[in-house]
$ cat protein06.txt   # compact mmCIF, C-alpha atoms and all ligand atoms
# COMPACT_ATOMS: atom_id res chain seq x y z
CA MET E 1 -1.67 -20.42 -2.31
CA THR E 2 -5.45 -20.87 -2.34
CA ASN E 3 -7.33 -22.30 -5.34
CA THR E 4 -10.50 -20.36 -4.60
CA THR E 5 -11.22 -17.68 -7.19
CA LEU E 6 -11.44 -14.23 -5.70
CA LYS E 7 -14.42 -11.99 -6.33
CA VAL E 8 -13.57 -8.89 -8.33
CA LYS E 9 -14.91 -5.44 -7.64
CA VAL E 10 -14.07 -2.56 -9.96
CA CYS E 11 -14.74 0.76 -8.30
CA GLY E 12 -15.25 4.37 -9.32
CA MET E 13 -17.14 4.06 -12.60
CA ARG E 14 -18.87 7.01 -14.29
CA ASP E 15 -18.59 7.03 -18.07
CA ASP E 16 -21.45 5.23 -19.89
CA THR E 17 -19.32 3.70 -22.67
CA ASN E 18 -16.67 2.62 -20.19
CA ILE E 19 -19.36 1.05 -17.96
CA GLN E 20 -20.76 -0.83 -20.96
CA SER E 21 -17.32 -2.18 -21.89
CA LEU E 22 -16.57 -3.22 -18.33
CA ALA E 23 -19.96 -4.94 -18.06
CA GLN E 24 -18.82 -7.40 -20.78
CA LEU E 25 -16.16 -8.76 -18.43
CA PRO E 26 -16.67 -11.43 -15.74
CA ILE E 27 -16.48 -9.14 -12.73
CA ASP E 28 -18.70 -9.45 -9.65
CA TYR E 29 -19.19 -5.90 -8.42
CA MET E 30 -19.16 -2.46 -10.04
CA GLY E 31 -18.76 0.53 -7.73
CA PHE E 32 -20.22 4.03 -7.97
CA ILE E 33 -18.94 6.67 -5.58
CA PHE E 34 -21.60 8.91 -4.04
CA TYR E 35 -19.10 11.11 -2.23
CA GLU E 36 -18.77 14.54 -3.70
CA LYS E 37 -15.17 15.08 -2.61
CA SER E 38 -14.04 12.08 -4.68
CA LYS E 39 -12.54 12.56 -8.15
CA ARG E 40 -14.82 9.69 -9.16
CA HIS E 41 -17.99 11.16 -7.77
CA VAL E 42 -21.39 10.46 -9.35
CA ASP E 43 -24.62 11.94 -8.09
CA HIS E 44 -26.88 9.30 -9.56
CA LEU E 45 -26.60 5.71 -10.70
CA PRO E 46 -25.82 5.71 -14.44
CA TYR E 47 -28.81 4.61 -16.53
CA ILE E 48 -27.18 1.46 -17.84
CA LEU E 49 -28.54 -2.06 -17.57
CA LEU E 50 -25.90 -4.33 -16.06
CA PRO E 51 -25.97 -8.13 -16.27
CA PRO E 52 -27.52 -9.58 -13.08
CA THR E 53 -24.18 -11.23 -12.28
CA ILE E 54 -22.65 -7.81 -11.64
CA LYS E 55 -23.84 -6.20 -8.42
CA LYS E 56 -24.08 -2.42 -8.28
CA VAL E 57 -22.20 -1.03 -5.28
CA GLY E 58 -22.80 2.43 -3.85
CA VAL E 59 -19.80 3.89 -2.01
CA PHE E 60 -20.59 6.41 0.73
CA VAL E 61 -18.64 8.45 3.29
CA ASP E 62 -20.77 9.46 6.27
CA ALA E 63 -23.81 10.04 4.06
CA SER E 64 -27.22 10.44 5.64
CA GLU E 65 -29.41 7.39 5.93
CA THR E 66 -31.93 9.11 3.65
CA CYS E 67 -29.31 9.57 0.95
CA ILE E 68 -28.25 5.90 1.15
CA LEU E 69 -31.86 4.66 1.10
CA ASP E 70 -32.53 6.90 -1.88
CA LYS E 71 -29.69 5.20 -3.84
CA ILE E 72 -30.95 1.75 -2.79
CA GLN E 73 -34.35 2.73 -4.13
CA ALA E 74 -32.63 3.69 -7.40
CA GLY E 75 -31.02 0.25 -7.77
CA ILE E 76 -27.95 0.00 -5.55
CA GLU E 77 -27.62 -3.59 -4.32
CA VAL E 78 -24.53 -3.31 -2.14
CA VAL E 79 -23.61 -0.47 0.22
CA GLN E 80 -19.92 0.21 0.90
CA LEU E 81 -19.30 2.55 3.82
CA HIS E 82 -16.00 4.44 4.14
CA GLY E 83 -16.66 6.81 7.02
CA GLN E 84 -17.51 6.54 10.72
CA GLU E 85 -20.84 4.82 10.09
CA PRO E 86 -21.93 3.00 13.27
CA PRO E 87 -22.73 -0.75 13.47
CA ALA E 88 -26.44 0.04 14.02
CA LEU E 89 -26.70 1.75 10.63
CA CYS E 90 -24.88 -1.17 8.94
CA LYS E 91 -27.31 -3.63 10.55
CA GLN E 92 -30.32 -1.57 9.57
CA LEU E 93 -29.16 -1.41 5.94
CA GLN E 94 -28.37 -5.12 5.91
CA GLU E 95 -31.87 -5.89 7.22
CA SER E 96 -33.33 -3.79 4.42
CA GLY E 97 -31.96 -6.43 2.01
CA VAL E 98 -28.71 -5.00 0.67
CA GLU E 99 -25.24 -6.42 1.17
CA VAL E 100 -23.12 -4.23 3.44
CA ILE E 101 -19.37 -3.76 3.10
CA LYS E 102 -17.72 -1.72 5.86
CA ALA E 103 -14.39 -0.25 4.81
CA PHE E 104 -11.53 0.38 7.23
CA GLY E 105 -8.41 2.37 6.46
CA ILE E 106 -5.44 0.35 7.66
CA HIS E 107 -2.31 1.86 9.21
CA SER E 108 0.24 0.68 11.73
CA THR E 109 -1.77 1.63 14.83
CA VAL E 110 -5.25 0.47 13.83
CA ASP E 111 -7.43 -0.57 16.73
CA TRP E 112 -8.60 -3.89 15.33
CA THR E 113 -10.83 -4.53 18.38
CA LYS E 114 -13.37 -1.95 17.18
CA LEU E 115 -14.18 -4.19 14.20
CA ALA E 116 -15.80 -6.69 16.56
CA ASP E 117 -18.79 -4.36 16.97
CA TYR E 118 -19.48 -4.72 13.24
CA GLN E 119 -19.10 -8.46 12.84
CA HIS E 120 -22.83 -9.28 12.96
CA ALA E 121 -23.85 -6.16 11.04
CA VAL E 122 -21.94 -6.52 7.78
CA ASP E 123 -21.43 -9.05 4.99
CA TYR E 124 -17.82 -8.11 4.35
CA PHE E 125 -15.08 -5.81 5.52
CA LEU E 126 -12.93 -3.99 2.99
CA PHE E 127 -9.39 -3.19 4.06
CA ASP E 128 -8.08 -0.11 2.30
CA THR E 129 -5.14 2.23 2.79
CA SER E 130 -5.78 4.75 5.54
CA ASP E 131 -6.01 8.31 4.21
CA PRO E 132 -7.82 11.56 5.06
CA GLU E 133 -9.48 11.33 1.62
CA HIS E 134 -11.04 7.99 2.68
CA GLY E 135 -10.12 6.03 -0.46
CA GLY E 136 -8.84 6.01 -4.01
CA THR E 137 -5.25 6.71 -2.95
CA GLY E 138 -3.55 4.29 -5.36
CA ARG E 139 -1.32 3.24 -2.47
CA ALA E 140 -1.14 -0.23 -0.96
CA PHE E 141 -0.89 -0.63 2.81
CA ASP E 142 1.46 -3.06 4.50
CA TRP E 143 -0.44 -6.33 4.19
CA ASN E 144 1.52 -7.70 7.18
CA GLN E 145 -0.94 -5.65 9.25
CA LEU E 146 -3.59 -8.24 8.34
CA LYS E 147 -1.93 -10.67 10.73
CA GLU E 148 -3.63 -8.64 13.48
CA TYR E 149 -7.09 -9.33 12.05
CA GLN E 150 -8.75 -11.99 14.23
CA LEU E 151 -12.43 -12.04 13.22
CA PRO E 152 -14.13 -14.58 10.90
CA VAL E 153 -15.80 -11.91 8.72
CA PRO E 154 -14.67 -12.28 5.07
CA TYR E 155 -12.97 -9.28 3.51
CA PHE E 156 -11.99 -7.55 0.29
CA LEU E 157 -8.44 -6.35 -0.12
CA SER E 158 -8.18 -2.84 -1.48
CA GLY E 159 -5.76 0.05 -1.83
CA GLY E 160 -3.37 0.46 -4.73
CA LEU E 161 -3.94 -2.96 -6.24
CA SER E 162 -2.21 -3.18 -9.61
CA LEU E 163 -0.97 -5.63 -12.23
CA GLU E 164 2.35 -5.58 -10.38
CA ASN E 165 1.12 -6.54 -6.91
CA LEU E 166 -1.87 -8.77 -7.77
CA PRO E 167 0.32 -11.91 -8.05
CA ALA E 168 1.41 -11.30 -4.45
CA VAL E 169 -2.25 -10.99 -3.36
CA LEU E 170 -2.80 -14.53 -4.63
CA GLN E 171 -0.05 -15.69 -2.31
CA LEU E 172 -1.81 -14.35 0.80
CA ALA E 173 -2.94 -17.55 2.48
CA ASP E 174 -6.08 -16.37 4.22
CA HIS E 175 -9.44 -18.07 3.63
CA ARG E 176 -11.22 -14.88 4.76
CA LEU E 177 -9.83 -12.95 1.79
CA VAL E 178 -12.74 -13.28 -0.66
CA GLY E 179 -12.22 -10.48 -3.11
CA VAL E 180 -10.09 -7.72 -4.55
CA ASP E 181 -10.98 -4.15 -5.31
CA LEU E 182 -9.51 -2.50 -8.41
CA ASN E 183 -9.51 1.23 -8.92
CA SER E 184 -7.00 3.97 -9.67
CA LYS E 185 -4.14 1.75 -10.86
CA PHE E 186 -6.39 0.70 -13.75
CA GLU E 187 -7.35 4.19 -14.86
CA THR E 188 -6.35 6.38 -17.79
CA ALA E 189 -8.10 9.31 -16.05
CA PRO E 190 -10.16 9.54 -12.85
CA ALA E 191 -13.22 7.27 -13.19
CA LEU E 192 -12.12 5.96 -16.61
CA LYS E 193 -10.88 2.37 -16.54
CA ASP E 194 -8.46 0.84 -19.03
CA ILE E 195 -10.42 -2.24 -20.10
CA ASN E 196 -7.34 -4.06 -21.40
CA GLN E 197 -5.61 -3.63 -18.06
CA ILE E 198 -8.68 -4.98 -16.27
CA LYS E 199 -8.67 -7.99 -18.63
CA LYS E 200 -5.02 -8.62 -17.69
CA ALA E 201 -5.93 -8.39 -13.99
CA LEU E 202 -8.73 -10.94 -14.46
CA LYS E 203 -6.27 -13.35 -16.08
CA ILE E 204 -3.97 -13.07 -13.08
CA ILE E 205 -6.81 -13.42 -10.58
CA ASN E 206 -8.31 -16.40 -12.42
CA HIS E 207 -4.91 -18.10 -12.72
CA GLU E 208 -5.10 -18.10 -16.55
O1 LIG N 301 -11.92 6.08 -5.16
C1 LIG N 301 -12.24 7.11 -4.58
O2 LIG N 301 -12.10 8.23 -5.13
C2 LIG N 301 -12.80 7.07 -3.19
C3 LIG N 301 -12.89 8.24 -2.47
C4 LIG N 301 -13.43 8.23 -1.21
C5 LIG N 301 -13.88 7.05 -0.63
C6 LIG N 301 -13.78 5.86 -1.34
C7 LIG N 301 -13.23 5.84 -2.61
N1 LIG N 301 -13.08 4.66 -3.30
C8 LIG N 301 -13.55 3.43 -2.78
C9 LIG N 301 -12.94 2.19 -3.31
O3 LIG N 301 -13.50 1.13 -3.12
C10 LIG N 301 -11.57 2.22 -3.95
O4 LIG N 301 -11.54 1.23 -4.91
C11 LIG N 301 -10.53 1.98 -2.86
O5 LIG N 301 -10.44 3.11 -2.07
C12 LIG N 301 -9.12 1.67 -3.47
O6 LIG N 301 -8.74 2.64 -4.36
P1 LIG N 301 -7.26 2.62 -5.02
O7 LIG N 301 -6.27 2.77 -3.91
O8 LIG N 301 -7.27 3.74 -5.97
O9 LIG N 301 -7.10 1.31 -5.70
$ encode --input "protein06.txt" --output "C-alpha cells"
Amino acid sequence: MTNTTLKVKVCGMRDDTNIQSLAQLPIDYMGFIFYEKSKRHVDHLPYILLPPTIKKVGVFVDASETCILDKIQAGIEVVQLHGQEPPALCKQLQESGVEVIKAFGIHSTVDWTKLADYQHAVDYFLFDTSDPEHGGTGRAFDWNQLKEYQLPVPYFLSGGLSLENLPAVLQLADHRLVGVDLNSKFETAPALKDINQIKKALKIINHE
C-alpha cells in the first residue's frame, strides 16, 4: 500500500447548489461534461466561484478545437478528452496553458502501444471502462489490465469507482496512480452527487 494521498476528481456536475456543497470539500478537480449525448451534459460552465484549490475540468468527446478553446476562455483549467483526439491536439492544448488528461477506455484487447504517441503531449492519462458511450458507465474494468501499462505518465483511475471498491484501489501498488475519478456511483440522479457519500469516499481515500 502507498502512503501518498490520491488526488480526487468528481465528475459530471451541473446543479448550482450541489456544486456549492461539493466545493466545500477537499477535492482537487471538478468535472463538467461538454458532450451533449451524456446524461450529465452542460453547455456552459456554471457561474459559480470555486476555491482556487479546485480545478475546473472540461470533459469533451471529439469536440472541435474551437469549442474546446471557447470553454478554456470561459474558465476551464483542465481538458479531459474521451474521444479519438490526436496527440497533436493534446500538445497544442497543453501548450496553451491548460492541463490535459487523455482518457482511454480499457478492455481486454487494448493496444497499449498507441498510448506512447501521447506521452509527451498530456499531463495525465485517465483509464476508464471501455464503452460506446465513452464514459459514465458505472462499471469498473478489470484492473489487472493495468499490468500491461508500461509508460511513466501518471494516471487517474476511473470507471465505476464506489465506496465498495475504493479500499481495493488503495491497495494497487503503482506509483503512477495519482488520482481517482468519482461519478455515477455517488449520484442520487444523473449529475447530482450525494455529498455524504463523497465525504465517506474522502475518508477512505485519505486513510481517516
Ligand atoms: O459521465 C458521463 O456521462 C460521460 C459521458 C461521456 C464521456 C465521459 C463521461 N464522463 C467522464 C468521467 O470522467 C467519468 O467520471 C468517468 O467516465 C467514470 O464514470 P463512472 O463509471 O460513472 O464512475
$ residues_near_ligand --input "protein06.txt" --ligand "ligand LIG 301 (chain N)" --cutoff "6 Å" --atoms "only C-alpha atoms and all ligand atoms" --output "number ranges by chain"
E: 11-12, 38-40, 82, 128, 133-139, 158-161, 181-185
$ residues_around --input "protein06.txt" --residues "Pro51 in chain E" --least-positions-apart "5" --cutoff "12 Å" --atoms "only C-alpha atoms" --output "compact mmCIF listing (two decimals) with C-alpha atoms, in the frame of the given file"
# COMPACT_ATOMS: atom_id res chain seq x y z
CA ILE E 19 -19.36 1.05 -17.96
CA GLN E 20 -20.76 -0.83 -20.96
CA SER E 21 -17.32 -2.18 -21.89
CA LEU E 22 -16.57 -3.22 -18.33
CA ALA E 23 -19.96 -4.94 -18.06
CA GLN E 24 -18.82 -7.40 -20.78
CA LEU E 25 -16.16 -8.76 -18.43
CA PRO E 26 -16.67 -11.43 -15.74
CA ILE E 27 -16.48 -9.14 -12.73
CA ASP E 28 -18.70 -9.45 -9.65
CA TYR E 29 -19.19 -5.90 -8.42
CA MET E 30 -19.16 -2.46 -10.04
CA LYS E 56 -24.08 -2.42 -8.28
$ atom_distance --input "protein06.txt" --atom1 "CA of Lys200 in chain E" --atom2 "CA of Thr53 in chain E"
20.1 Å
$ atom_distance --input "protein06.txt" --atom1 "CA of Gln92 in chain E" --atom2 "CA of Glu148 in chain E"
27.9 Å
$ closest_residue --input "protein06.txt" --among "E:His207, E:Lys55, E:Lys193, E:His107" --to "Ile76 in chain E" --atoms "only C-alpha atoms"
E:Lys55
$ residues_around --input "protein06.txt" --residues "Trp143 in chain E" --least-positions-apart "3" --cutoff "10 Å" --atoms "only C-alpha atoms" --output "PyMOL selection string"
chain E and resi 106-107+127+129+140+146-147+157+169+172
$ atom_distance --input "protein06.txt" --atom1 "CA of Tyr124 in chain E" --atom2 "CA of Pro154 in chain E"
5.3 Å
$ residues_around --input "protein06.txt" --residues "Asp174 in chain E" --least-positions-apart "3" --cutoff "12 Å" --atoms "all atoms listed in the file" --output "count of residues only"
24
$ closest_residue --input "protein06.txt" --among "E:Val10, E:Ala88, E:Val59, E:Ala189" --to "Leu45 in chain E" --atoms "only C-alpha atoms"
E:Val59
$ axis_aligned_box --input "protein06.txt" --around "range 5-24 of chain E" --padding-each-side "3 Å" --output "lines of an AutoDock Vina configuration file"
center_x = -16.3
center_y = -5.3
center_z = -14.2
size_x = 16.2
size_y = 30.7
size_z = 23.0
$ residues_around --input "protein06.txt" --residues "Leu81 in chain E" --least-positions-apart "6" --cutoff "10 Å" --atoms "all atoms listed in the file" --output "number ranges by chain"
E: 58-63, 68, 90, 100-104, 125-126, 134
$ closest_residue --input "protein06.txt" --among "E:Gln145, E:Thr17, E:Thr188, E:Gln73" --to "Pro46 in chain E" --atoms "only C-alpha atoms"
E:Thr17
$ decode --input "protein06.txt" --residues "range 45-163 of chain E" --atoms "C-alpha atoms" --output "short mmCIF file (atom, residue, chain, number, x, y, z; two decimals), in the first residue's frame"
data_model
loop_
_atom_site.label_atom_id
_atom_site.label_comp_id
_atom_site.auth_asym_id
_atom_site.auth_seq_id
_atom_site.Cartn_x
_atom_site.Cartn_y
_atom_site.Cartn_z
CA LEU E 45 -19.57 26.37 -17.23
CA PRO E 46 -21.87 27.04 -14.26
CA TYR E 47 -21.50 30.60 -12.93
CA ILE E 48 -20.14 29.56 -9.55
CA LEU E 49 -16.89 30.71 -8.00
CA LEU E 50 -14.86 27.69 -6.92
CA PRO E 51 -11.95 27.82 -4.46
CA PRO E 52 -8.64 28.05 -6.37
CA THR E 53 -7.67 24.65 -4.96
CA ILE E 54 -10.35 23.00 -7.08
CA LYS E 55 -9.52 22.90 -10.77
CA LYS E 56 -12.36 23.09 -13.27
CA VAL E 57 -12.20 20.23 -15.77
CA GLY E 58 -13.97 20.27 -19.12
CA VAL E 59 -14.78 16.80 -20.47
CA PHE E 60 -15.02 16.52 -24.26
CA VAL E 61 -15.64 13.75 -26.82
CA ASP E 62 -14.24 14.61 -30.24
CA ALA E 63 -15.24 18.26 -29.88
CA SER E 64 -13.87 20.83 -32.29
CA GLU E 65 -10.79 22.74 -31.27
CA THR E 66 -12.85 25.94 -31.39
CA CYS E 67 -15.36 24.53 -28.93
CA ILE E 68 -12.60 23.46 -26.51
CA LEU E 69 -10.80 26.81 -26.77
CA ASP E 70 -14.11 28.56 -26.16
CA LYS E 71 -14.55 26.66 -22.85
CA ILE E 72 -10.93 27.42 -21.86
CA GLN E 73 -11.67 31.08 -22.48
CA ALA E 74 -14.69 30.71 -20.18
CA GLY E 75 -12.56 29.34 -17.32
CA ILE E 76 -11.83 25.66 -17.89
CA GLU E 77 -8.36 24.89 -16.49
CA VAL E 78 -8.07 21.20 -17.35
CA VAL E 79 -9.19 19.48 -20.55
CA GLN E 80 -10.20 15.80 -20.38
CA LEU E 81 -10.53 14.15 -23.78
CA HIS E 82 -12.61 10.97 -24.20
CA GLY E 83 -12.69 10.51 -27.97
CA GLN E 84 -10.17 9.91 -30.75
CA GLU E 85 -8.40 13.22 -30.22
CA PRO E 86 -4.89 13.04 -31.75
CA PRO E 87 -1.64 13.69 -29.82
CA ALA E 88 -1.08 16.92 -31.80
CA LEU E 89 -4.29 18.44 -30.44
CA CYS E 90 -3.37 17.38 -26.88
CA LYS E 91 0.04 19.02 -27.26
CA GLN E 92 -1.43 22.18 -28.69
CA LEU E 93 -3.89 22.47 -25.79
CA GLN E 94 -1.17 21.74 -23.26
CA GLU E 95 1.00 24.49 -24.77
CA SER E 96 -1.91 26.90 -24.44
CA GLY E 97 -1.51 26.52 -20.65
CA VAL E 98 -4.16 24.02 -19.59
CA GLU E 99 -3.57 20.60 -18.07
CA VAL E 100 -4.50 17.80 -20.45
CA ILE E 101 -5.94 14.45 -19.40
CA LYS E 102 -6.36 11.89 -22.18
CA ALA E 103 -8.90 9.21 -21.34
CA PHE E 104 -8.69 5.66 -22.66
CA GLY E 105 -11.43 3.06 -22.40
CA ILE E 106 -9.84 -0.16 -21.17
CA HIS E 107 -10.88 -3.63 -22.31
CA SER E 108 -9.11 -6.95 -22.68
CA THR E 109 -7.63 -6.24 -26.13
CA VAL E 110 -6.47 -2.65 -25.70
CA ASP E 111 -3.49 -1.71 -27.83
CA TRP E 112 -1.40 -0.12 -25.11
CA THR E 113 1.36 0.80 -27.61
CA LYS E 114 -0.76 3.61 -29.05
CA LEU E 115 -0.51 5.48 -25.74
CA ALA E 116 3.19 6.08 -26.40
CA ASP E 117 2.29 8.71 -29.01
CA TYR E 118 0.61 10.75 -26.26
CA GLN E 119 3.25 10.53 -23.56
CA HIS E 120 4.83 13.94 -24.25
CA ALA E 121 1.51 15.62 -25.05
CA VAL E 122 -0.50 15.07 -21.87
CA ASP E 123 -0.21 15.63 -18.13
CA TYR E 124 -2.16 12.53 -17.18
CA PHE E 125 -3.94 9.56 -18.64
CA LEU E 126 -7.33 8.52 -17.28
CA PHE E 127 -8.17 4.84 -17.52
CA ASP E 128 -11.91 4.30 -17.74
CA THR E 129 -14.17 1.40 -18.67
CA SER E 130 -14.44 0.97 -22.42
CA ASP E 131 -17.94 1.70 -23.70
CA PRO E 132 -19.61 3.08 -26.85
CA GLU E 133 -21.00 5.90 -24.68
CA HIS E 134 -17.40 6.94 -23.86
CA GLY E 135 -17.85 7.25 -20.08
CA GLY E 136 -20.15 7.39 -17.09
CA THR E 137 -20.94 3.67 -17.25
CA GLY E 138 -20.79 2.99 -13.50
CA ARG E 139 -18.84 -0.17 -14.32
CA ALA E 140 -15.29 -0.91 -13.24
CA PHE E 141 -12.89 -2.55 -15.68
CA ASP E 142 -10.56 -5.38 -14.73
CA TRP E 143 -7.71 -3.52 -13.05
CA ASN E 144 -5.39 -6.46 -13.83
CA GLN E 145 -5.25 -4.94 -17.32
CA LEU E 146 -3.11 -2.16 -15.84
CA LYS E 147 -0.22 -4.61 -15.62
CA GLU E 148 0.14 -4.05 -19.38
CA TYR E 149 0.67 -0.31 -18.92
CA GLN E 150 4.41 0.40 -19.37
CA LEU E 151 4.73 4.19 -19.68
CA PRO E 152 5.81 6.63 -16.92
CA VAL E 153 2.85 9.00 -17.45
CA PRO E 154 0.80 9.32 -14.22
CA TYR E 155 -2.85 8.34 -14.43
CA PHE E 156 -6.27 8.65 -12.84
CA LEU E 157 -8.27 5.52 -12.23
CA SER E 158 -11.88 5.80 -13.32
CA GLY E 159 -14.93 3.70 -14.13
CA GLY E 160 -17.45 2.57 -11.56
CA LEU E 161 -15.48 3.65 -8.51
CA SER E 162 -17.63 3.31 -5.40
CA LEU E 163 -17.47 3.14 -1.61
#
